[in-house]
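Below is my_file02.cif, holding mmCIF, C-alpha atoms.
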```
data_run
#
loop_
_atom_site.label_atom_id
_atom_site.label_comp_id
_atom_site.auth_asym_id
_atom_site.auth_seq_id
_atom_site.Cartn_x
_atom_site.Cartn_y
_atom_site.Cartn_z
CA MET A 1019 18.77 43.22 -52.30
CA THR A 1020 17.18 44.43 -55.49
CA ALA A 1021 15.71 47.93 -55.34
CA PHE A 1022 14.13 50.10 -57.99
CA ALA A 1023 14.51 53.84 -58.07
CA PRO A 1024 11.19 55.52 -57.41
CA ALA A 1025 9.58 57.78 -59.97
CA SER A 1026 9.86 61.50 -59.40
CA GLY A 1027 7.59 62.68 -56.56
CA GLN A 1028 6.83 59.11 -55.32
CA THR A 1029 7.78 57.53 -51.93
CA PRO A 1030 10.67 55.07 -52.38
CA PRO A 1031 10.00 51.36 -51.58
CA PRO A 1032 10.90 50.47 -47.95
CA ASP A 1033 13.44 47.88 -49.08
CA SER A 1034 15.42 50.59 -50.86
CA VAL A 1035 15.69 52.83 -47.78
CA HIS A 1036 18.71 52.33 -45.50
CA PRO A 1037 17.77 52.43 -41.79
CA ARG A 1038 20.01 55.46 -41.27
CA GLU A 1039 18.12 57.31 -44.03
CA SER A 1040 14.61 56.36 -42.92
CA SER A 1041 11.99 58.99 -42.08
CA PRO A 1042 8.24 59.14 -41.51
CA GLU A 1043 7.78 59.85 -45.22
CA ALA A 1044 10.27 57.17 -46.33
CA PRO A 1045 10.36 54.31 -43.76
CA THR A 1046 12.61 51.34 -44.17
CA SER A 1047 11.35 47.74 -44.14
CA ILE A 1048 11.75 45.31 -41.28
CA SER A 1049 13.65 42.95 -43.55
CA ARG A 1050 16.10 45.72 -44.49
CA LEU A 1051 16.49 46.63 -40.79
CA ASN A 1052 17.10 43.02 -39.76
CA GLU A 1053 19.57 42.49 -42.57
CA THR A 1054 21.42 45.62 -41.54
CA ILE A 1055 21.57 44.40 -37.92
CA ARG A 1056 22.76 40.99 -39.04
CA GLY A 1057 25.51 42.49 -41.18
CA PHE A 1058 26.64 44.56 -38.22
CA VAL A 1059 26.54 41.65 -35.76
CA SER A 1060 28.34 39.25 -38.09
CA ASN A 1061 31.45 41.40 -37.91
CA TRP A 1062 31.89 40.77 -34.17
CA GLY A 1063 33.54 37.37 -34.58
CA SER A 1064 33.90 34.71 -31.86
CA VAL A 1065 34.22 35.58 -28.16
CA TRP A 1066 35.28 33.44 -25.16
CA VAL A 1067 32.97 33.98 -22.15
CA GLU A 1068 32.73 32.48 -18.67
CA GLY A 1069 29.44 31.83 -16.95
CA GLU A 1070 27.06 29.37 -15.31
CA ILE A 1071 24.62 27.21 -17.27
CA THR A 1072 21.12 28.08 -16.07
CA ALA A 1073 19.12 26.37 -18.83
CA TRP A 1074 19.92 23.29 -20.94
CA ASN A 1075 17.06 22.09 -23.15
CA LEU A 1076 17.74 19.31 -25.65
CA ARG A 1077 15.42 19.42 -28.67
CA GLY A 1078 15.91 17.53 -31.91
CA GLY A 1079 19.51 16.74 -30.99
CA HIS A 1080 20.34 20.42 -30.49
CA VAL A 1081 20.71 22.28 -27.19
CA PHE A 1082 19.05 25.61 -26.46
CA GLY A 1083 20.13 27.19 -23.20
CA ARG A 1084 21.27 30.18 -21.22
CA LEU A 1085 24.50 31.32 -19.61
CA LYS A 1086 24.52 33.56 -16.53
CA ASP A 1087 27.32 35.90 -15.63
CA ALA A 1088 29.58 34.45 -12.93
CA THR A 1089 29.28 37.51 -10.66
CA GLY A 1090 26.15 39.36 -11.83
CA ASP A 1091 22.65 38.77 -13.14
CA ALA A 1092 23.37 39.25 -16.86
CA LEU A 1093 22.18 36.40 -19.14
CA ILE A 1094 22.73 35.37 -22.75
CA SER A 1095 20.88 32.78 -24.81
CA PHE A 1096 22.85 30.21 -26.77
CA ARG A 1097 22.29 27.36 -29.15
CA LEU A 1098 24.54 24.35 -29.56
CA TRP A 1099 24.23 22.31 -32.72
CA SER A 1100 24.28 18.50 -32.50
CA SER A 1101 27.55 18.29 -34.48
CA THR A 1102 29.24 20.47 -31.88
CA LEU A 1103 27.54 18.71 -28.97
CA GLN A 1104 29.16 15.41 -29.93
CA ARG A 1105 32.61 16.93 -29.31
CA LEU A 1106 31.75 18.31 -25.85
CA PRO A 1107 31.90 16.50 -22.44
CA ASP A 1108 28.89 14.30 -21.70
CA ASP A 1109 28.41 15.61 -18.16
CA LEU A 1110 27.47 19.20 -18.99
CA ARG A 1111 24.30 20.18 -17.16
CA VAL A 1112 22.51 23.03 -15.43
CA GLY A 1113 24.60 24.63 -12.70
CA ASN A 1114 28.00 23.92 -14.26
CA ARG A 1115 30.52 26.76 -14.47
CA VAL A 1116 31.89 26.76 -18.03
CA VAL A 1117 34.02 28.68 -20.51
CA ALA A 1118 32.44 28.85 -23.98
CA CYS A 1119 33.43 30.15 -27.37
CA VAL A 1120 30.36 31.94 -28.75
CA LYS A 1121 29.60 33.80 -31.94
CA SER A 1122 26.70 36.21 -32.17
CA ASP A 1123 23.92 35.41 -34.59
CA TYR A 1124 20.86 37.41 -35.54
CA PHE A 1125 17.90 35.76 -37.28
CA VAL A 1126 16.48 38.01 -39.96
CA LYS A 1127 13.14 36.23 -40.20
CA SER A 1128 12.27 36.23 -36.47
CA GLY A 1129 14.42 39.08 -35.18
CA ASP A 1130 15.91 36.82 -32.47
CA PHE A 1131 19.40 37.43 -31.16
CA THR A 1132 21.39 34.52 -29.82
CA PHE A 1133 24.89 33.07 -29.67
CA THR A 1134 26.11 29.91 -31.35
CA VAL A 1135 28.52 27.83 -29.27
CA SER A 1136 31.49 26.28 -31.03
CA ALA A 1137 33.35 25.08 -27.91
CA MET A 1138 32.61 24.67 -24.19
CA ARG A 1139 34.48 23.24 -21.23
CA HIS A 1140 34.13 23.05 -17.44
CA THR A 1141 35.65 25.59 -15.10
CA GLY A 1142 34.10 24.23 -11.89
CA LEU A 1143 30.71 23.86 -10.22
CA GLY A 1144 28.56 26.97 -10.00
CA ASP A 1145 28.33 28.67 -6.62
CA GLN A 1146 24.57 28.30 -6.47
CA LEU A 1147 24.68 24.63 -7.37
CA ALA A 1148 27.43 24.07 -4.78
CA ARG A 1149 25.30 25.66 -2.07
CA LEU A 1150 22.30 23.62 -3.12
CA GLU A 1151 24.32 20.42 -3.03
CA GLN A 1152 25.55 21.25 0.47
CA LEU A 1153 21.99 21.92 1.60
CA ARG A 1154 20.80 18.72 -0.08
CA ALA A 1155 23.42 16.67 1.77
CA GLN A 1156 22.53 18.32 5.09
CA LEU A 1157 18.80 17.71 4.73
CA ARG A 1158 19.43 14.11 3.69
CA ARG A 1159 21.50 13.53 6.83
CA GLU A 1160 18.67 14.98 8.93
CA GLY A 1161 16.23 12.52 7.36
CA LEU A 1162 14.01 15.06 5.58
CA PHE A 1163 14.20 13.00 2.38
CA ASP A 1164 13.27 9.69 4.05
CA GLU A 1165 10.19 7.98 2.68
CA SER A 1166 9.23 6.84 6.19
CA ARG A 1167 8.42 10.41 7.31
CA LYS A 1168 6.33 11.27 4.27
CA LYS A 1169 2.54 11.30 4.63
CA ARG A 1170 0.16 9.43 2.38
CA LEU A 1171 -2.26 11.44 0.27
CA PRO A 1172 -6.00 10.95 0.87
CA PHE A 1173 -7.80 8.91 -1.75
CA LEU A 1174 -10.38 11.63 -2.46
CA PRO A 1175 -9.59 15.08 -1.00
CA HIS A 1176 -12.68 17.21 -0.36
CA VAL A 1177 -10.74 20.48 -0.49
CA ILE A 1178 -7.37 20.99 -2.22
CA GLY A 1179 -5.14 23.83 -1.12
CA LEU A 1180 -3.30 25.35 -4.08
CA ILE A 1181 -0.29 27.69 -3.80
CA THR A 1182 0.60 29.19 -7.18
CA GLY A 1183 1.02 32.40 -9.15
CA GLU A 1184 -2.02 34.55 -9.86
CA ARG A 1185 -3.61 33.89 -13.28
CA SER A 1186 -0.79 31.47 -14.07
CA ASP A 1187 -0.90 28.58 -16.50
CA ALA A 1188 -0.06 26.27 -13.61
CA GLU A 1189 -3.25 27.27 -11.79
CA LYS A 1190 -5.33 26.74 -14.94
CA ASP A 1191 -3.74 23.33 -15.57
CA VAL A 1192 -4.38 22.10 -12.03
CA HIS A 1193 -7.99 23.33 -11.97
CA ARG A 1194 -8.85 22.08 -15.45
CA ASN A 1195 -7.35 18.59 -15.09
CA ALA A 1196 -8.64 18.08 -11.54
CA GLU A 1197 -12.19 19.10 -12.49
CA LEU A 1198 -12.08 16.87 -15.56
CA ARG A 1199 -11.20 13.91 -13.35
CA TRP A 1200 -13.59 14.74 -10.47
CA PRO A 1201 -16.09 17.56 -11.21
CA GLN A 1202 -17.07 18.04 -7.53
CA VAL A 1203 -13.52 18.83 -6.38
CA ARG A 1204 -13.08 22.13 -4.50
CA PHE A 1205 -10.03 24.37 -4.28
CA ARG A 1206 -8.76 26.88 -1.77
CA THR A 1207 -6.16 28.87 -3.72
CA ALA A 1208 -3.48 31.19 -2.34
CA HIS A 1209 -1.78 33.40 -4.93
CA VAL A 1210 1.91 34.12 -4.31
CA ALA A 1211 4.94 35.35 -6.20
CA VAL A 1212 6.61 32.29 -7.71
CA GLN A 1213 10.01 33.89 -8.24
CA GLY A 1214 12.08 36.72 -6.88
CA GLU A 1215 12.49 38.04 -3.34
CA ARG A 1216 8.75 37.78 -2.49
CA CYS A 1217 8.52 34.12 -3.44
CA VAL A 1218 9.68 32.51 -0.18
CA PRO A 1219 7.92 34.82 2.36
CA GLU A 1220 4.60 34.72 0.50
CA THR A 1221 4.79 30.94 -0.01
CA LEU A 1222 5.55 30.43 3.70
CA ALA A 1223 2.55 32.57 4.71
CA ALA A 1224 0.22 30.76 2.30
CA LEU A 1225 1.49 27.36 3.51
CA ALA A 1226 0.87 28.29 7.15
CA THR A 1227 -2.68 29.48 6.35
CA LEU A 1228 -3.67 26.40 4.36
CA ASP A 1229 -2.02 23.99 6.79
CA ALA A 1230 -4.04 25.49 9.65
CA ASP A 1231 -7.31 25.08 7.70
CA PHE A 1232 -8.88 21.80 8.90
CA GLU A 1233 -10.97 21.50 5.71
CA VAL A 1234 -7.89 21.32 3.45
CA ASP A 1235 -6.90 17.68 2.88
CA VAL A 1236 -3.85 18.19 0.65
CA ILE A 1237 -1.75 21.16 -0.48
CA VAL A 1238 -0.26 21.54 -3.97
CA ILE A 1239 2.60 23.98 -4.59
CA ALA A 1240 2.61 24.57 -8.36
CA ARG A 1241 4.64 26.64 -10.78
CA GLY A 1242 5.28 26.51 -14.50
CA GLY A 1243 8.67 25.80 -16.03
CA GLY A 1244 11.63 28.12 -15.88
CA ASP A 1245 15.39 28.21 -15.68
CA PRO A 1246 16.98 27.17 -12.37
CA GLN A 1247 17.63 30.81 -11.49
CA THR A 1248 13.91 31.50 -11.27
CA LEU A 1249 13.26 28.28 -9.34
CA LEU A 1250 15.73 28.97 -6.53
CA GLY A 1251 12.97 30.03 -4.14
CA PHE A 1252 11.70 26.45 -4.07
CA SER A 1253 15.09 25.25 -2.79
CA ASP A 1254 15.15 27.75 0.08
CA GLU A 1255 15.91 26.11 3.43
CA ARG A 1256 13.15 28.01 5.28
CA LEU A 1257 10.51 26.75 2.87
CA LEU A 1258 11.87 23.20 2.92
CA ARG A 1259 11.75 22.96 6.71
CA ALA A 1260 8.24 24.44 6.81
CA VAL A 1261 7.06 21.83 4.30
CA ALA A 1262 8.65 19.03 6.33
CA ALA A 1263 6.93 20.28 9.52
CA ALA A 1264 3.47 20.68 7.94
CA SER A 1265 0.71 18.35 9.14
CA THR A 1266 -1.09 18.35 5.77
CA PRO A 1267 0.28 16.22 2.90
CA ILE A 1268 2.09 18.43 0.38
CA VAL A 1269 2.62 17.85 -3.34
CA SER A 1270 5.45 19.59 -5.21
CA ALA A 1271 4.62 20.47 -8.84
CA ILE A 1272 7.42 22.83 -9.82
CA GLY A 1273 8.49 23.30 -13.42
CA HIS A 1274 8.75 20.49 -15.95
CA GLU A 1275 10.08 16.95 -15.92
CA ASN A 1276 13.76 17.92 -15.93
CA ASP A 1277 13.36 20.64 -13.25
CA HIS A 1278 14.28 19.36 -9.80
CA PRO A 1279 14.29 21.87 -6.91
CA LEU A 1280 14.91 20.55 -3.40
CA LEU A 1281 11.20 20.94 -2.64
CA ASP A 1282 10.62 17.81 -4.75
CA ASP A 1283 12.69 15.74 -2.30
CA VAL A 1284 11.12 17.12 0.89
CA ALA A 1285 7.47 17.13 -0.23
CA ASP A 1286 5.32 14.08 0.45
CA LEU A 1287 4.84 13.56 -3.29
CA ARG A 1288 6.63 14.92 -6.34
CA ALA A 1289 4.68 15.66 -9.53
CA SER A 1290 6.61 16.30 -12.73
CA THR A 1291 4.20 19.07 -13.86
CA PRO A 1292 1.11 20.86 -12.50
CA THR A 1293 -0.98 18.66 -14.80
CA ASP A 1294 0.63 15.57 -13.32
CA ALA A 1295 -0.13 16.89 -9.81
CA ALA A 1296 -3.85 17.11 -10.62
CA LYS A 1297 -3.79 13.53 -11.89
CA LYS A 1298 -2.02 12.23 -8.80
CA VAL A 1299 -4.11 14.12 -6.24
CA VAL A 1300 -7.60 13.56 -7.66
CA PRO A 1301 -8.89 10.14 -8.80
CA ASP A 1302 -10.53 9.80 -12.20
CA VAL A 1303 -14.29 9.44 -11.72
CA ALA A 1304 -14.59 7.44 -14.96
CA GLU A 1305 -11.87 5.04 -13.82
CA GLN A 1306 -13.45 4.68 -10.39
CA ARG A 1307 -16.87 3.98 -11.90
CA ALA A 1308 -15.34 1.40 -14.21
CA LEU A 1309 -13.54 -0.12 -11.22
CA VAL A 1310 -16.78 -0.25 -9.21
CA GLN A 1311 -18.55 -1.93 -12.15
CA GLN A 1312 -15.69 -4.39 -12.46
CA LEU A 1313 -15.78 -5.19 -8.75
CA ARG A 1314 -19.56 -5.59 -8.87
CA ALA A 1315 -19.31 -7.95 -11.83
CA ARG A 1316 -16.57 -9.92 -10.10
CA ALA A 1317 -18.59 -10.12 -6.87
CA ARG A 1318 -21.69 -11.16 -8.84
CA THR A 1319 -19.72 -13.87 -10.62
CA ARG A 1320 -18.19 -15.16 -7.40
CA LEU A 1321 -21.56 -15.18 -5.63
CA THR A 1322 -23.23 -16.96 -8.55
CA GLN A 1323 -20.47 -19.56 -8.63
CA ARG A 1324 -20.69 -20.07 -4.88
CA ILE A 1325 -24.46 -20.50 -4.94
CA ALA A 1326 -24.25 -22.88 -7.91
CA HIS A 1327 -21.56 -24.90 -6.13
CA ASP A 1328 -23.60 -25.09 -2.93
CA VAL A 1329 -26.75 -26.08 -4.85
CA ALA A 1330 -24.86 -28.83 -6.66
CA GLN A 1331 -23.37 -30.04 -3.39
CA LEU A 1332 -26.81 -30.04 -1.76
CA GLU A 1333 -28.26 -32.01 -4.68
CA GLN A 1334 -25.42 -34.48 -4.40
CA LEU A 1335 -26.14 -34.93 -0.70
CA ARG A 1336 -29.84 -35.33 -1.37
CA THR A 1337 -29.21 -38.13 -3.89
CA ARG A 1338 -27.29 -40.24 -1.36
CA PRO A 1339 -29.23 -43.37 -0.27
CA VAL A 1340 -29.08 -42.47 3.40
CA LEU A 1341 -30.94 -39.21 2.73
CA ARG A 1342 -33.12 -40.42 -0.13
CA ALA A 1343 -34.51 -43.39 1.98
CA PRO A 1344 -33.47 -42.89 5.62
CA GLU A 1345 -35.91 -45.63 6.81
CA GLY A 1346 -33.68 -48.26 5.19
CA MET A 1347 -30.92 -47.44 7.62
CA LEU A 1348 -33.41 -47.67 10.51
CA VAL A 1349 -34.70 -51.06 9.33
CA ALA A 1350 -31.19 -52.43 9.08
CA ARG A 1351 -30.39 -51.11 12.50
CA SER A 1352 -33.63 -52.48 13.95
CA HIS A 1353 -32.80 -55.96 12.61
CA GLU A 1354 -29.35 -55.72 14.10
CA LEU A 1355 -30.83 -54.52 17.40
CA PHE A 1356 -33.34 -57.42 17.40
CA ALA A 1357 -30.56 -59.94 16.75
CA LEU A 1358 -28.43 -58.47 19.51
CA THR A 1359 -31.40 -58.45 21.90
CA SER A 1360 -32.21 -62.07 21.13
CA ARG A 1361 -28.60 -63.05 21.57
CA GLY A 1362 -28.46 -61.18 24.86
CA ARG A 1363 -31.67 -62.84 26.06
CA ASP A 1364 -30.31 -66.30 25.22
CA VAL A 1365 -27.04 -65.58 26.97
CA VAL A 1366 -28.83 -64.33 30.09
CA THR A 1367 -31.19 -67.32 30.10
CA ARG A 1368 -28.31 -69.77 29.82
CA GLN A 1369 -26.44 -67.99 32.57
CA VAL A 1370 -29.52 -68.02 34.84
CA TYR A 1371 -30.09 -71.73 34.16
CA GLU A 1372 -26.45 -72.48 34.82
CA GLY A 1373 -26.67 -70.49 38.04
CA GLU A 1374 -29.74 -72.34 39.17
CA ARG A 1375 -28.07 -75.67 38.46
CA ARG A 1376 -24.98 -74.60 40.35
CA VAL A 1377 -27.07 -73.46 43.29
CA ALA A 1378 -28.91 -76.81 43.33
CA GLN A 1379 -25.59 -78.64 43.38
CA LEU A 1380 -24.35 -76.49 46.21
CA GLN A 1381 -27.59 -77.00 48.11
CA ALA A 1382 -27.29 -80.77 47.70
CA SER A 1383 -23.67 -80.73 48.85
CA LEU A 1384 -24.59 -78.49 51.74
CA ALA A 1385 -27.50 -80.72 52.71
CA ALA A 1386 -25.26 -83.77 52.63
CA LEU A 1387 -22.77 -82.10 54.93
CA SER A 1388 -25.36 -80.51 57.24
CA PRO A 1389 -25.64 -81.77 60.92
CA GLY A 1390 -29.40 -81.81 60.38
CA ALA A 1391 -29.04 -84.65 57.90
CA THR A 1392 -27.07 -86.63 60.49
CA LEU A 1393 -29.76 -86.04 63.10
CA ALA A 1394 -32.41 -87.12 60.59
CA ARG A 1395 -30.72 -90.52 60.43
CA GLY A 1396 -31.39 -90.96 64.18
CA TYR A 1397 -28.41 -89.38 65.76
CA ALA A 1398 -28.61 -86.84 68.61
CA ILE A 1399 -26.32 -84.16 70.03
CA ALA A 1400 -25.96 -83.71 73.79
CA HIS A 1401 -25.14 -80.27 75.20
CA LEU A 1402 -24.12 -79.40 78.69
CA GLU A 1403 -24.85 -76.07 80.25
CA GLY A 1404 -22.98 -73.34 78.43
CA GLY A 1405 -23.42 -75.03 75.03
CA VAL A 1406 -20.57 -77.51 75.51
CA ILE A 1407 -21.12 -80.53 73.22
CA VAL A 1408 -20.67 -83.85 74.97
CA ARG A 1409 -18.18 -85.86 73.05
CA GLU A 1410 -17.04 -88.19 75.87
CA ALA A 1411 -19.18 -89.89 78.50
CA THR A 1412 -16.93 -88.68 81.27
CA GLN A 1413 -18.03 -85.12 80.45
CA ALA A 1414 -21.50 -85.83 81.83
CA PRO A 1415 -21.22 -87.11 85.45
CA ALA A 1416 -24.22 -88.52 87.19
CA GLY A 1417 -26.85 -85.93 87.87
CA ALA A 1418 -25.54 -83.46 85.25
CA ALA A 1419 -28.25 -81.61 83.25
CA VAL A 1420 -28.01 -82.44 79.59
CA VAL A 1421 -29.89 -80.95 76.58
CA VAL A 1422 -30.36 -83.48 73.83
CA THR A 1423 -30.96 -82.23 70.29
CA VAL A 1424 -32.60 -84.57 67.79
CA ALA A 1425 -33.88 -84.11 64.26
CA GLU A 1426 -37.16 -82.69 65.37
CA GLY A 1427 -36.26 -80.49 68.34
CA SER A 1428 -34.51 -80.73 71.72
CA PHE A 1429 -35.32 -82.08 75.22
CA ALA A 1430 -33.73 -81.92 78.63
CA ALA A 1431 -32.30 -84.97 80.38
CA ARG A 1432 -30.16 -85.78 83.39
CA SER A 1433 -27.06 -87.91 83.17
CA ASP A 1434 -26.79 -91.13 85.19
CA GLY A 1435 -23.07 -91.11 84.82
CA PRO A 1436 -20.80 -93.13 82.55
CA VAL A 1437 -22.01 -96.62 81.56
CA ALA A 1438 -19.67 -99.51 81.30
CA GLU A 1439 -19.03 -101.03 77.90
CA ALA A 1440 -20.56 -104.30 78.96
CA ASP A 1441 -23.74 -102.60 79.84
CA VAL A 1442 -23.79 -100.89 76.56
CA SER A 1443 -23.46 -104.06 74.68
#
```

As structure tokens, please, write out the structure in this file.
Amino acid sequence: MTAFAPASGQTPPPDSVHPRESSPEAPTSISRLNETIRGFVSNWGSVWVEGEITAWNLRGGHVFGRLKDATGDALISFRLWSSTLQRLPDDLRVGNRVVACVKSDYFVKSGDFTFTVSAMRHTGLGDQLARLEQLRAQLRREGLFDESRKKRLPFLPHVIGLITGERSDAEKDVHRNAELRWPQVRFRTAHVAVQGERCVPETLAALATLDADFEVDVIVIARGGGDPQTLLGFSDERLLRAVAAASTPIVSAIGHENDHPLLDDVADLRASTPTDAAKKVVPDVAEQRALVQQLRARARTRLTQRIAHDVAQLEQLRTRPVLRAPEGMLVARSHELFALTSRGRDVVTRQVYEGERRVAQLQASLAALSPGATLARGYAIAHLEGGVIVREATQAPAGAAVVVTVAEGSFAARSDGPVAEADVS
């Protein structure tokens, strides 16, 4: 660094003052301080450390993350350049226990202190991740992750219950995006601690209160992004079982897209961010209006087509000869009926004539065979008492009463007995 000696009696430039020699009258510059810190830090060299990955963010091919002490709460930030990342295992992720070779680095311009990773390898799964995986497997066996038990969200909730941190960005995102989509939406918000020891008890109390409120149609549990250490409260077994037992549909909106606490699997719906939760819970009024207009236009088109089709079909029916001149069908039928009637009359007349002729023949035959015709030719029938017809002369002895029937009546007579044949002749 170039520095100029100050004139006699003047304050030296800040860049020329070493931090150890600074005073209120002769302060050092921030650049000189940062350069001094960087020179001191650069002498540390590389160090091998063991810890658990609690953050792993890939940006522009580089990784920016955090390592947590294996037994305590101490954290360090690290960066991993893309050239180094290509030499590391592909399965490194949040929760892995690793050993890393790090070298301290201090940025003069921003005053940020971080470690650059030159090597990293697995040493086993982190204790916290192992416990979470055990809990995940247990809840899956119990069916808490099954889609069949999850409740459907209402199409348009009248009141949305919101559990989030007080004055948090998550609360602002949910309110702003929900009100943009449906201005009349109402919220019932419960502020809780979203990390630390108070997170789970306060979230459980807020969930119980909102679930008991009959006006609340859906509950959103929202929190901004963070490393997995700060999101552990949303994988707590007590909270997960309370969410599964709730009667109100629950939406999980914890962290960002790559954050995945167990609450996401138990909740009825998982939203990648608080903004995404607002979009999934509340319909867009502009989209719904456009949909209504589209449905109206479609219904109008269908109705117009149906009426036009029916009108055309009616016109087609009206142009048919049977409807245009129905009397023609009646005339044709009347002619057919007249012909059938005439034919029936002729058939009946012929049958009556034939019957009369047949009756006359039968009458003639009957007359020819009738005893009356025989009597008319001069014959007579003699009857004894009791109606016995005299067929032999010996049947009528002398003095027997005889009734003689002729063509024109009957008369009584008395027999003189049989007559000899000579007498008869």

Just checking: using all atoms listed in the file, which residue out of A:Arg1361, A:Gly1214, A:Leu1222, A:Leu1393 ends up closest to A:Gly1427?
A:Leu1393

Between atom CA of A:Ser1388 and atom CA of A:His1401, what is the distance, to one decimal in Å?
18.0 Å

When you count all atoms listed in the file, which of these residues is closest to A:Phe1131: A:Gln1413, A:Ser1060, A:Thr1089, A:Ser1100?
A:Ser1060

Expected selection from the PyMOL selection byres ((chain A and resi 1239) around 6), given as number ranges by chain
A: 1181, 1238, 1240, 1270-1271

When the PyMOL selection byres ((chain A and resi 1194-1199) around 10) is applied to the structure above, which residues does it catch, written out as a list in words?
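What the PyMOL selection byres ((chain A and resi 1194-1199) around 10) grabs from the file is Ile1178, Ala1188, Glu1189, Lys1190, Asp1191, Val1192, His1193, Trp1200, Pro1201, Gln1202, Val1203, Arg1204, Phe1205, Pro1292, Thr1293, Asp1294, Ala1295, Ala1296, Lys1297, Lys1298, Val1299, Val1300, Pro1301, Asp1302, Val1303, Ala1304, Glu1305 and Gln1306 of chain A.
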